[in-house]
Amino acid sequence: MAVRPGETGDLFAQVKPRALSVSELTRALRVAVEPRFKDVWVSGEVANLRRQASGHLYFSLKDEGACVNAVVWGSQARRLAFAPADGQEVLARGFVEIYPPHGKYQLVVNELEPRGAGAQAVLLQRLKEKLLAEGLLDPARKRPLPFLPRRVGVATSPTGAALRDLLRVLHARFPGLPVLVAPCRVQGAGAAATVAGALRSLCRAGVDVVVVTRGGGSQEDLFEFNDERLARAIAACPVPVVSAVGHEIDVTVADLVADVRAATPTHAAQLVAPVKDELRAGLQASRARLLRAASEAVAGRRRELRALKAELSDPKHLLSEQRHRLDDLLRRAEALLRGRLRAERDAQDAVKARLGRREPRARVRELVARSEDATRRLGSWQAATFRREELRLERLKARLAPANVAESLKRGFALALAGGKLLRRSAEAAQGDALRLALAEGWLDVVVTGVDAGSDPLPGRTRPGGAGPESGGGDAVERDSDHD
Amino acid sequence: MSAPADHPGKDLEGSGEPYDALVARLERVVGELERGDLPLEASIEKFAEGVRLAREATRKLDEAERRVEVLVRNADGSEEPAPLEGGGGKGNG
Amino acid sequence: MSAPADHPGKDLEGSGEPYDALVARLERVVGELERGDLPLEASIEKFAEGVRLAREATRKLDEAERRVEVLVRNADGSEEPAPLEGGGGKGNG
Amino acid sequence: MSAPADHPGKDLEGSGEPYDALVARLERVVGELERGDLPLEASIEKFAEGVRLAREATRKLDEAERRVEVLVRNADGSEEPAPLEGGGGKGNG
Amino acid sequence: MSAPADHPGKDLEGSGEPYDALVARLERVVGELERGDLPLEASIEKFAEGVRLAREATRKLDEAERRVEVLVRNADGSEEPAPLEGGGGKGNG
Amino acid sequence: MSAPADHPGKDLEGSGEPYDALVARLERVVGELERGDLPLEASIEKFAEGVRLAREATRKLDEAERRVEVLVRNADGSEEPAPLEGGGGKGNG
Amino acid sequence: MSAPADHPGKDLEGSGEPYDALVARLERVVGELERGDLPLEASIEKFAEGVRLAREATRKLDEAERRVEVLVRNADGSEEPAPLEGGGGKGNG
């Protein structure tokens, strides 16, 4: 804001010939107006209501003589307790804003509520602010209703339609639900005090919840329920209070202070009384679930236990395994031992075969053969040697034989000796010599009667043989030669 | 008959325990049972407790057979409940 | 009848041991048997223990079931609730 | 009947030696036979020992089986649990 | 019939000499025979010794085999374990 | 009856001389005889020695043969003496 | 008592002269005779010597033969002298 204070002050002090710019004027207006209308209550009728997509509410407030633009920004609009509509009388609280670009002013509304009779509405608003300031309207104060009240207190007119409706619905939902009615007036001046008294009486008599109710009516009829003392009596009630006053759009202070606001007596009955059949059904369901769960707790365990028992494996398979194992081990041992025995047997057979091959009989036989052979050769040698030597001697004897004179004599030869001297030629003797002739047996003394030196006594012979003239003697030697 | 720790030893009969508290306890018991993680013996105990709670809740539902009354002011200014003529007629039926 | 070292000589019958503890022991026994690394004699002992545990657990289940039945019978509309037998269910077994 | 040096002269029958120890000894016997470095007579003795061990182990298995059968019979829901015969299964054999 | 110097004059029958020692002696005898450098008389003596050794070894082997048969027969589950004949298998031959 | 110089005057009967040596001497004697360069008287002496050697060798060999027969017969340990196969094959023919 | 060639006329009987020497002398005598240049008287002497030598050699040969027969007969150890095969056939005749 560029307007200087001095200039602004001058604006209202005097009229100056100098023209203001629009901005200056607007600025001056804002400075002049906005601080004064920072928090104002304005009542009027809603017109031209538009709801932006952003949530902002734009409308006009008007009365017989004037009209002002108003806006509720979306953030506030969402918090409004009711939905405004065209033609509705409302009480708006907010500030005046001048918006320079449009050259317009508008009311920026913070709170908006339906407006009763004009002056009373402002009083009512003040009461609300007061109660709010005291915290009586604090949502945290709101108490929950008992789920199933042992006795329901009702503060209302005993003859009104509201009580009738309430009881009808209440007992339709929960037949026989105890109800204690505290009669009071619900309209007209002083009604609020009787309602408050009824409340206190009910609290004294002992109820779990109190319903304050009356049927719908004019704003004036309901005005007693905006009474501050009644509000404080409700707030002071030790048990939760349900208000069901007028119709849904009629919000009274009693409604605000009550723990729960019901739109109608029927609604109040619904809030206060559960449906007995539903409860019973719920209980039944719970009991069914309870039984199911308990049964399941047992049955499930039984299943588990059965499974576990099944898993509790009978050790017989283990025993069987072990039997196999023992059998295998023993069989292996037996096979090993039998193998060993077989191997020993084979080894023994092999050694025996080797032993058999070295059996000395062959060697003995070889020696026997050699010995026999040597013996045979010994025999052969003996035979050959003696044969040879005999032959040799025979041959020698044969060769000796011709030299045997005796043999010649036996064959007829004779030896002629002259004076002990052997004669070989006839010329060695002369006629008349005395000679001795040696024969094979005995001697002959003879005398030479003739000598023949010219003729051969043994024709065919080349070598002179025996000296004897008798061929018979020579024959004798030859004849006997084989007999030696 | 030991009661769970959070409701120590109350005699429920005629006790002031509200119906919904009973039902809540019953629901809790049911829930605990349904979770199935209780030991068997505790389950049975819970079940017994549930049965008692259910019985008590039923009793509470059934016992509420009373009439509609209206406070009547006596001569001495005291008040006392009296049967509501004409009003309770419908609620009773 | 020598029991394994960790449960020395208890007679399970009528013992106050909770069902779940019995079952836990039974499961441990089953597990140990399944691992198969026990000596033969120990296996047999384990098995015997398992059998005893299973029997006892079954007995406890039967008892629990009877108890539930009694509770249900009494809960269902009988006017006079029969006294819950055995109370805590332990002294009775 | 001379026993091998490492188990001098025990009479296996009725001995308290555990089954697994018996089998381990039997396996050792087989292993020694497998190594094949025993003198023949020692091999035979080993085998004899193996036979004795196997017989004793079998006896223990039989005993265990009888015990298991009794257990199984009793485990199957019979109301009257027959007393487990033989207790620890050792003193009985 | 003089025995060789290292085994002087033993009567092998019934001797306590182990099988393997017998076989080793037999091998040695055969080896000496196979070298072929023995005089005939020594050969015959060796051969005679070999024959005795072989006969004794065979006898021992037969005996061992019989013993094994008996053991095997007894091992197969016969209830009455026949007494192992001959014990050490030596005193019996 | 003069013996050769290298075997002076031994009585061979019962002598410890090995068969092989006997046979070898016999063969040598025969060889010397067969060479034919000995005087007759020496030959006769040699012959006499040869005859003695042959006689002694035959006697010893016969004895050895009988001995071996007995051994072979006994080698099988059976009552009926089967000839050792592969061994006596030659001497048997 | 050798009978050399230069000592003719000795009585050879019983002489220790070896057979071969006798035969050698005989051969020499026969040779001298066969040359034929001896005077008759010398021839007759030589012849007489040759005859003696031959007779003595024959005697020795016979004696040797008898001796051999005895040896052979004794060689068999039997009473009846089995003829040495291949040998005695001629010497005997």
# chains A, B, ... in the order shown; residues from 1 in each chain; ligands from 1
>>> select_by_dssp(residues="stretch 71-289 of chain A", states="helix (DSSP H, G or I)", output="MDAnalysis selection string")
chainID A and resid 74:77 118:134 139:141 161:173 191:205 219:226 228:236 253:257 265:272 276:289
>>> write_last_selection(atoms="C-alpha atoms", output="CSV table (one decimal), in the first residue's frame")
chain,number,residue,atom,x,y,z
A,74,GLY,CA,-13.4,-23.3,0.7
A,75,SER,CA,-11.5,-24.1,3.8
A,76,GLN,CA,-14.2,-22.4,5.9
A,77,ALA,CA,-17.0,-23.6,3.7
A,118,GLY,CA,-32.9,-11.3,13.9
A,119,ALA,CA,-32.2,-9.9,17.4
A,120,GLN,CA,-32.6,-13.2,19.2
A,121,ALA,CA,-30.2,-14.7,16.8
A,122,VAL,CA,-27.5,-12.4,17.9
A,123,LEU,CA,-28.3,-13.2,21.5
A,124,LEU,CA,-28.2,-16.8,20.8
A,125,GLN,CA,-25.0,-16.4,19.1
A,126,ARG,CA,-23.5,-14.6,22.1
A,127,LEU,CA,-24.7,-17.5,24.3
A,128,LYS,CA,-23.0,-20.0,22.0
A,129,GLU,CA,-19.8,-18.1,22.1
A,130,LYS,CA,-19.9,-18.0,25.8
A,131,LEU,CA,-20.6,-21.7,26.1
A,132,LEU,CA,-17.9,-22.3,23.6
A,133,ALA,CA,-15.5,-20.2,25.5
A,134,GLU,CA,-16.3,-22.2,28.7
A,139,PRO,CA,-16.3,-32.2,21.3
A,140,ALA,CA,-14.1,-33.9,23.8
A,141,ARG,CA,-16.8,-33.5,26.4
A,161,ALA,CA,-46.2,-37.2,19.9
A,162,ALA,CA,-42.5,-37.1,20.5
A,163,LEU,CA,-42.8,-39.5,23.5
A,164,ARG,CA,-45.1,-41.7,21.6
A,165,ASP,CA,-42.8,-41.9,18.6
A,166,LEU,CA,-39.8,-42.5,20.9
A,167,LEU,CA,-41.4,-45.3,22.9
A,168,ARG,CA,-42.7,-47.0,19.8
A,169,VAL,CA,-39.3,-47.2,18.2
A,170,LEU,CA,-37.5,-47.9,21.4
A,171,HIS,CA,-39.6,-50.9,22.2
A,172,ALA,CA,-39.7,-52.0,18.7
A,173,ARG,CA,-36.0,-52.3,18.9
A,191,ALA,CA,-40.5,-24.4,29.6
A,192,ALA,CA,-36.7,-24.5,29.8
A,193,ALA,CA,-36.8,-24.6,33.6
A,194,THR,CA,-39.1,-27.5,33.7
A,195,VAL,CA,-37.0,-29.4,31.3
A,196,ALA,CA,-33.9,-28.8,33.4
A,197,GLY,CA,-35.9,-29.9,36.5
A,198,ALA,CA,-37.0,-33.1,34.7
A,199,LEU,CA,-33.4,-33.7,33.9
A,200,ARG,CA,-32.3,-33.5,37.4
A,201,SER,CA,-35.2,-35.7,38.6
A,202,LEU,CA,-34.2,-38.4,36.1
A,203,CYS,CA,-30.6,-38.2,37.3
A,204,ARG,CA,-31.7,-38.6,40.8
A,205,ALA,CA,-34.0,-41.5,39.9
A,219,GLN,CA,-38.4,-21.0,16.0
A,220,GLU,CA,-40.2,-19.4,18.8
A,221,ASP,CA,-41.5,-22.8,20.1
A,222,LEU,CA,-38.0,-24.0,20.1
A,223,PHE,CA,-36.5,-20.9,21.6
A,224,GLU,CA,-36.8,-22.2,25.1
A,225,PHE,CA,-34.2,-24.8,24.2
A,226,ASN,CA,-31.7,-22.1,23.7
A,228,GLU,CA,-28.7,-21.0,29.1
A,229,ARG,CA,-29.8,-22.6,32.3
A,230,LEU,CA,-31.1,-25.6,30.4
A,231,ALA,CA,-27.9,-25.8,28.5
A,232,ARG,CA,-26.0,-25.9,31.8
A,233,ALA,CA,-28.3,-28.5,33.2
A,234,ILE,CA,-27.7,-30.7,30.3
A,235,ALA,CA,-23.9,-30.2,30.6
A,236,ALA,CA,-24.1,-31.0,34.3
A,253,VAL,CA,-28.2,-24.7,22.2
A,254,ALA,CA,-29.5,-27.8,24.0
A,255,ASP,CA,-28.6,-29.7,20.9
A,256,LEU,CA,-25.2,-28.2,21.0
A,257,VAL,CA,-24.5,-29.1,24.6
A,265,PRO,CA,-37.4,-38.5,18.6
A,266,THR,CA,-37.4,-41.6,16.4
A,267,HIS,CA,-33.8,-41.1,15.7
A,268,ALA,CA,-33.2,-40.7,19.5
A,269,ALA,CA,-34.8,-44.0,20.1
A,270,GLN,CA,-32.6,-45.6,17.5
A,271,LEU,CA,-29.5,-44.1,19.1
A,272,VAL,CA,-30.4,-45.1,22.6
A,276,LYS,CA,-32.6,-56.7,21.0
A,277,ASP,CA,-32.9,-59.4,18.3
A,278,GLU,CA,-29.6,-58.3,16.8
A,279,LEU,CA,-28.0,-58.4,20.2
A,280,ARG,CA,-29.4,-61.9,20.8
A,281,ALA,CA,-28.2,-62.9,17.3
A,282,GLY,CA,-24.8,-61.4,18.0
A,283,LEU,CA,-24.6,-63.2,21.3
A,284,GLN,CA,-25.7,-66.4,19.6
A,285,ALA,CA,-23.1,-65.8,17.0
A,286,SER,CA,-20.5,-65.2,19.6
A,287,ARG,CA,-21.5,-68.3,21.4
A,288,ALA,CA,-21.3,-70.2,18.2
A,289,ARG,CA,-17.9,-68.9,17.5
>>> interface_residues(of="chain C", to="chain D", cutoff="8 Å", atoms="only C-alpha atoms", output="VMD selection string")
chain C and resid 1 to 2 39 to 41 44 to 45 47 to 48 51 to 52 54 to 55
>>> write_last_selection(atoms="C-alpha atoms", output="mmCIF file, in the first residue's frame")
data_model
loop_
_atom_site.group_PDB
_atom_site.id
_atom_site.type_symbol
_atom_site.label_atom_id
_atom_site.label_comp_id
_atom_site.auth_asym_id
_atom_site.auth_seq_id
_atom_site.Cartn_x
_atom_site.Cartn_y
_atom_site.Cartn_z
ATOM 1 C CA MET C 1 11.579 -98.386 32.957
ATOM 2 C CA SER C 2 14.296 -95.858 32.636
ATOM 3 C CA PRO C 39 21.348 -95.473 19.283
ATOM 4 C CA LEU C 40 18.894 -98.296 18.915
ATOM 5 C CA GLU C 41 18.091 -98.585 22.579
ATOM 6 C CA ILE C 44 13.167 -97.561 21.453
ATOM 7 C CA GLU C 45 13.103 -95.588 24.668
ATOM 8 C CA PHE C 47 9.485 -94.327 20.961
ATOM 9 C CA ALA C 48 8.146 -95.598 24.249
ATOM 10 C CA VAL C 51 3.777 -93.491 22.906
ATOM 11 C CA ARG C 52 3.268 -92.510 26.524
ATOM 12 C CA ALA C 54 0.721 -89.423 22.803
ATOM 13 C CA ARG C 55 -1.516 -91.442 25.081
#
>>> closest_atom_pairs(of="chain A", to="chain G", cutoff="10 Å", atoms="only C-alpha atoms", output="tab-separated table")
residue	atom	partner	partner_atom	distance
A:Thr375	CA	G:Leu84	CA	8.2
A:Arg376	CA	G:Glu85	CA	6.6
A:Arg377	CA	G:Gly87	CA	8.4
A:Leu378	CA	G:Gly87	CA	7.8
A:Gly379	CA	G:Gly87	CA	4.2
A:Ser380	CA	G:Gly87	CA	4.5
A:Trp381	CA	G:Gly87	CA	6.9
A:Gln382	CA	G:Gly87	CA	5.7
A:Ala383	CA	G:Gly87	CA	4.0
A:Ala384	CA	G:Gly87	CA	7.1
A:Thr385	CA	G:Gly91	CA	9.2
A:Phe386	CA	G:Gly91	CA	6.3
A:Arg387	CA	G:Gly91	CA	6.9
A:Glu389	CA	G:Leu61	CA	7.6
A:Glu390	CA	G:Thr58	CA	7.6
A:Arg392	CA	G:Val23	CA	8.6
A:Leu393	CA	G:Ala54	CA	6.8
A:Glu394	CA	G:Ala54	CA	8.8
A:Arg395	CA	G:Glu27	CA	9.8
A:Leu396	CA	G:Glu27	CA	6.5
A:Lys397	CA	G:Ala54	CA	6.7
A:Ala398	CA	G:Val30	CA	9.3
A:Arg399	CA	G:Val30	CA	6.3
A:Leu400	CA	G:Val30	CA	5.5
A:Ala401	CA	G:Phe47	CA	8.2
A:Pro402	CA	G:Glu34	CA	8.5
A:Ala403	CA	G:Phe47	CA	6.0
A:Asn404	CA	G:Phe47	CA	6.3
A:Val405	CA	G:Ile44	CA	6.9
A:Ala406	CA	G:Ile44	CA	9.1
A:Leu422	CA	G:Leu40	CA	8.6
>>> write_last_selection(atoms="N, CA, C and O atoms", output="tab-separated table (two decimals), in the first residue's frame")
chain	number	residue	atom	x	y	z
A	375	THR	N	75.44	-149.01	-17.31
A	375	THR	CA	75.58	-150.43	-17.06
A	375	THR	C	75.63	-151.20	-18.38
A	375	THR	O	76.44	-152.11	-18.58
A	376	ARG	N	74.71	-150.76	-19.27
A	376	ARG	CA	74.68	-151.40	-20.58
A	376	ARG	C	76.02	-151.22	-21.30
A	376	ARG	O	76.59	-152.14	-21.87
A	377	ARG	N	76.49	-149.97	-21.23
A	377	ARG	CA	77.77	-149.68	-21.90
A	377	ARG	C	78.88	-150.51	-21.25
A	377	ARG	O	79.79	-150.99	-21.94
A	378	LEU	N	78.76	-150.71	-19.98
A	378	LEU	CA	79.75	-151.53	-19.28
A	378	LEU	C	79.74	-152.94	-19.86
A	378	LEU	O	80.78	-153.54	-20.16
A	379	GLY	N	78.52	-153.45	-20.04
A	379	GLY	CA	78.38	-154.79	-20.59
A	379	GLY	C	78.95	-154.85	-22.01
A	379	GLY	O	79.69	-155.78	-22.38
A	380	SER	N	78.60	-153.80	-22.77
A	380	SER	CA	79.06	-153.77	-24.16
A	380	SER	C	80.58	-153.74	-24.19
A	380	SER	O	81.23	-154.43	-24.98
A	381	TRP	N	81.10	-152.90	-23.33
A	381	TRP	CA	82.57	-152.80	-23.31
A	381	TRP	C	83.19	-154.15	-23.02
A	381	TRP	O	84.12	-154.58	-23.67
A	382	GLN	N	82.56	-154.83	-22.02
A	382	GLN	CA	83.11	-156.13	-21.60
A	382	GLN	C	83.10	-157.09	-22.79
A	382	GLN	O	84.12	-157.68	-23.14
A	383	ALA	N	81.93	-157.15	-23.43
A	383	ALA	CA	81.82	-158.11	-24.53
A	383	ALA	C	82.82	-157.77	-25.62
A	383	ALA	O	83.58	-158.63	-26.11
A	384	ALA	N	82.84	-156.45	-25.99
A	384	ALA	CA	83.70	-156.04	-27.11
A	384	ALA	C	85.17	-156.30	-26.77
A	384	ALA	O	85.94	-156.80	-27.59
A	385	THR	N	85.50	-155.96	-25.54
A	385	THR	CA	86.89	-156.10	-25.14
A	385	THR	C	87.33	-157.56	-25.21
A	385	THR	O	88.37	-157.88	-25.81
A	386	PHE	N	86.52	-158.44	-24.68
A	386	PHE	CA	86.94	-159.83	-24.66
A	386	PHE	C	86.95	-160.43	-26.05
A	386	PHE	O	87.84	-161.19	-26.42
A	387	ARG	N	85.99	-160.03	-26.86
A	387	ARG	CA	85.94	-160.55	-28.22
A	387	ARG	C	87.20	-160.11	-28.96
A	387	ARG	O	87.88	-160.89	-29.61
A	389	GLU	N	90.07	-159.09	-27.79
A	389	GLU	CA	91.30	-159.69	-27.29
A	389	GLU	C	91.39	-161.16	-27.70
A	389	GLU	O	92.48	-161.66	-28.05
A	390	GLU	N	90.25	-161.83	-27.68
A	390	GLU	CA	90.29	-163.23	-28.10
A	390	GLU	C	90.70	-163.35	-29.54
A	390	GLU	O	91.55	-164.18	-29.94
A	392	ARG	N	92.31	-161.19	-31.26
A	392	ARG	CA	93.70	-160.79	-31.40
A	392	ARG	C	94.62	-161.98	-31.07
A	392	ARG	O	95.55	-162.31	-31.83
A	393	LEU	N	94.29	-162.66	-29.99
A	393	LEU	CA	95.10	-163.81	-29.61
A	393	LEU	C	95.00	-164.91	-30.66
A	393	LEU	O	96.00	-165.53	-31.04
A	394	GLU	N	93.80	-165.09	-31.19
A	394	GLU	CA	93.60	-166.12	-32.21
A	394	GLU	C	94.48	-165.83	-33.41
A	394	GLU	O	95.17	-166.70	-33.94
A	395	ARG	N	94.37	-164.51	-33.81
A	395	ARG	CA	95.16	-164.16	-34.99
A	395	ARG	C	96.63	-164.41	-34.74
A	395	ARG	O	97.36	-164.94	-35.57
A	396	LEU	N	97.09	-163.97	-33.57
A	396	LEU	CA	98.51	-164.16	-33.26
A	396	LEU	C	98.86	-165.64	-33.26
A	396	LEU	O	99.91	-166.08	-33.79
A	397	LYS	N	97.98	-166.43	-32.68
A	397	LYS	CA	98.25	-167.87	-32.65
A	397	LYS	C	98.29	-168.43	-34.05
A	397	LYS	O	99.13	-169.29	-34.40
A	398	ALA	N	97.41	-167.88	-34.90
A	398	ALA	CA	97.38	-168.38	-36.26
A	398	ALA	C	98.68	-168.04	-36.99
A	398	ALA	O	99.22	-168.85	-37.76
A	399	ARG	N	99.11	-166.82	-36.70
A	399	ARG	CA	100.34	-166.43	-37.36
A	399	ARG	C	101.52	-167.22	-36.78
A	399	ARG	O	102.52	-167.45	-37.45
A	400	LEU	N	101.40	-167.66	-35.59
A	400	LEU	CA	102.46	-168.42	-34.96
A	400	LEU	C	102.54	-169.87	-35.54
A	400	LEU	O	103.63	-170.45	-35.63
A	401	ALA	N	101.41	-170.33	-35.94
A	401	ALA	CA	101.31	-171.74	-36.31
A	401	ALA	C	102.32	-172.19	-37.39
A	401	ALA	O	102.96	-173.24	-37.23
A	402	PRO	N	102.48	-171.36	-38.45
A	402	PRO	CA	103.41	-171.85	-39.47
A	402	PRO	C	104.81	-172.11	-38.94
A	402	PRO	O	105.59	-172.86	-39.56
A	403	ALA	N	105.15	-171.48	-37.88
A	403	ALA	CA	106.49	-171.65	-37.36
A	403	ALA	C	106.63	-172.92	-36.51
A	403	ALA	O	107.69	-173.20	-35.96
A	404	ASN	N	105.59	-173.64	-36.48
A	404	ASN	CA	105.59	-174.83	-35.63
A	404	ASN	C	106.18	-176.04	-36.39
A	404	ASN	O	105.54	-176.65	-37.23
A	405	VAL	N	107.51	-176.43	-36.21
A	405	VAL	CA	108.20	-177.51	-36.89
A	405	VAL	C	107.51	-178.85	-36.60
A	405	VAL	O	107.40	-179.70	-37.48
A	406	ALA	N	107.10	-178.95	-35.44
A	406	ALA	CA	106.44	-180.20	-35.06
A	406	ALA	C	105.27	-180.51	-35.95
A	406	ALA	O	105.02	-181.65	-36.33
A	422	LEU	N	121.82	-179.51	-39.34
A	422	LEU	CA	120.69	-179.65	-40.25
A	422	LEU	C	121.16	-179.50	-41.67
A	422	LEU	O	121.92	-178.58	-41.99
>>> atom_distance(atom1="atom CA of A:Pro178", atom2="atom CA of A:Leu148")
10.8 Å
>>> residues_around(residues="A:Ala258", least_positions_apart="4", cutoff="6 Å", atoms="only C-alpha atoms", output="number ranges by chain")
A: 241-243, 254
>>> decode(residues="stretch 359-419 of chain A", atoms="C-alpha atoms", output="PDB file, in the first residue's frame")
ATOM      1  CA  GLU A 359      58.286-134.389  -7.941  1.00  0.00           C
ATOM      2  CA  PRO A 360      61.660-136.240  -7.900  1.00  0.00           C
ATOM      3  CA  ARG A 361      60.504-139.391  -9.633  1.00  0.00           C
ATOM      4  CA  ALA A 362      61.498-138.007 -13.013  1.00  0.00           C
ATOM      5  CA  ARG A 363      64.887-137.202 -11.740  1.00  0.00           C
ATOM      6  CA  VAL A 364      65.170-140.589 -10.176  1.00  0.00           C
ATOM      7  CA  ARG A 365      64.135-142.147 -13.447  1.00  0.00           C
ATOM      8  CA  GLU A 366      66.633-140.064 -15.333  1.00  0.00           C
ATOM      9  CA  LEU A 367      69.329-141.242 -13.020  1.00  0.00           C
ATOM     10  CA  VAL A 368      68.071-144.761 -13.328  1.00  0.00           C
ATOM     11  CA  ALA A 369      68.196-144.406 -17.079  1.00  0.00           C
ATOM     12  CA  ARG A 370      71.673-142.998 -16.967  1.00  0.00           C
ATOM     13  CA  SER A 371      72.742-145.727 -14.622  1.00  0.00           C
ATOM     14  CA  GLU A 372      71.190-148.370 -16.775  1.00  0.00           C
ATOM     15  CA  ASP A 373      72.775-146.899 -19.823  1.00  0.00           C
ATOM     16  CA  ALA A 374      76.160-146.886 -18.142  1.00  0.00           C
ATOM     17  CA  THR A 375      75.581-150.433 -17.059  1.00  0.00           C
ATOM     18  CA  ARG A 376      74.679-151.404 -20.584  1.00  0.00           C
ATOM     19  CA  ARG A 377      77.770-149.683 -21.898  1.00  0.00           C
ATOM     20  CA  LEU A 378      79.750-151.526 -19.282  1.00  0.00           C
ATOM     21  CA  GLY A 379      78.385-154.790 -20.591  1.00  0.00           C
ATOM     22  CA  SER A 380      79.065-153.766 -24.156  1.00  0.00           C
ATOM     23  CA  TRP A 381      82.568-152.797 -23.305  1.00  0.00           C
ATOM     24  CA  GLN A 382      83.107-156.127 -21.605  1.00  0.00           C
ATOM     25  CA  ALA A 383      81.819-158.107 -24.528  1.00  0.00           C
ATOM     26  CA  ALA A 384      83.697-156.036 -27.106  1.00  0.00           C
ATOM     27  CA  THR A 385      86.893-156.100 -25.137  1.00  0.00           C
ATOM     28  CA  PHE A 386      86.943-159.831 -24.658  1.00  0.00           C
ATOM     29  CA  ARG A 387      85.941-160.546 -28.223  1.00  0.00           C
ATOM     30  CA  ARG A 388      88.615-158.226 -29.501  1.00  0.00           C
ATOM     31  CA  GLU A 389      91.298-159.691 -27.293  1.00  0.00           C
ATOM     32  CA  GLU A 390      90.294-163.229 -28.096  1.00  0.00           C
ATOM     33  CA  LEU A 391      90.414-162.438 -31.777  1.00  0.00           C
ATOM     34  CA  ARG A 392      93.704-160.791 -31.404  1.00  0.00           C
ATOM     35  CA  LEU A 393      95.102-163.812 -29.606  1.00  0.00           C
ATOM     36  CA  GLU A 394      93.604-166.122 -32.208  1.00  0.00           C
ATOM     37  CA  ARG A 395      95.161-164.164 -34.991  1.00  0.00           C
ATOM     38  CA  LEU A 396      98.511-164.164 -33.257  1.00  0.00           C
ATOM     39  CA  LYS A 397      98.246-167.871 -32.645  1.00  0.00           C
ATOM     40  CA  ALA A 398      97.379-168.379 -36.261  1.00  0.00           C
ATOM     41  CA  ARG A 399     100.338-166.427 -37.360  1.00  0.00           C
ATOM     42  CA  LEU A 400     102.463-168.424 -34.958  1.00  0.00           C
ATOM     43  CA  ALA A 401     101.310-171.742 -36.307  1.00  0.00           C
ATOM     44  CA  PRO A 402     103.405-171.853 -39.475  1.00  0.00           C
ATOM     45  CA  ALA A 403     106.494-171.652 -37.358  1.00  0.00           C
ATOM     46  CA  ASN A 404     105.588-174.830 -35.626  1.00  0.00           C
ATOM     47  CA  VAL A 405     108.205-177.513 -36.893  1.00  0.00           C
ATOM     48  CA  ALA A 406     106.441-180.199 -35.063  1.00  0.00           C
ATOM     49  CA  GLU A 407     103.461-179.632 -37.203  1.00  0.00           C
ATOM     50  CA  SER A 408     105.563-179.997 -40.322  1.00  0.00           C
ATOM     51  CA  LEU A 409     106.908-183.249 -38.967  1.00  0.00           C
ATOM     52  CA  LYS A 410     103.423-184.460 -38.281  1.00  0.00           C
ATOM     53  CA  ARG A 411     102.529-183.779 -41.820  1.00  0.00           C
ATOM     54  CA  GLY A 412     105.350-185.998 -42.941  1.00  0.00           C
ATOM     55  CA  PHE A 413     108.263-183.741 -43.175  1.00  0.00           C
ATOM     56  CA  ALA A 414     111.559-184.876 -41.676  1.00  0.00           C
ATOM     57  CA  LEU A 415     114.635-183.151 -40.536  1.00  0.00           C
ATOM     58  CA  ALA A 416     118.007-184.440 -41.738  1.00  0.00           C
ATOM     59  CA  LEU A 417     120.827-183.994 -39.358  1.00  0.00           C
ATOM     60  CA  ALA A 418     124.448-184.742 -40.235  1.00  0.00           C
ATOM     61  CA  GLY A 419     126.542-184.779 -37.191  1.00  0.00           C
TER      62      GLY A 419
END
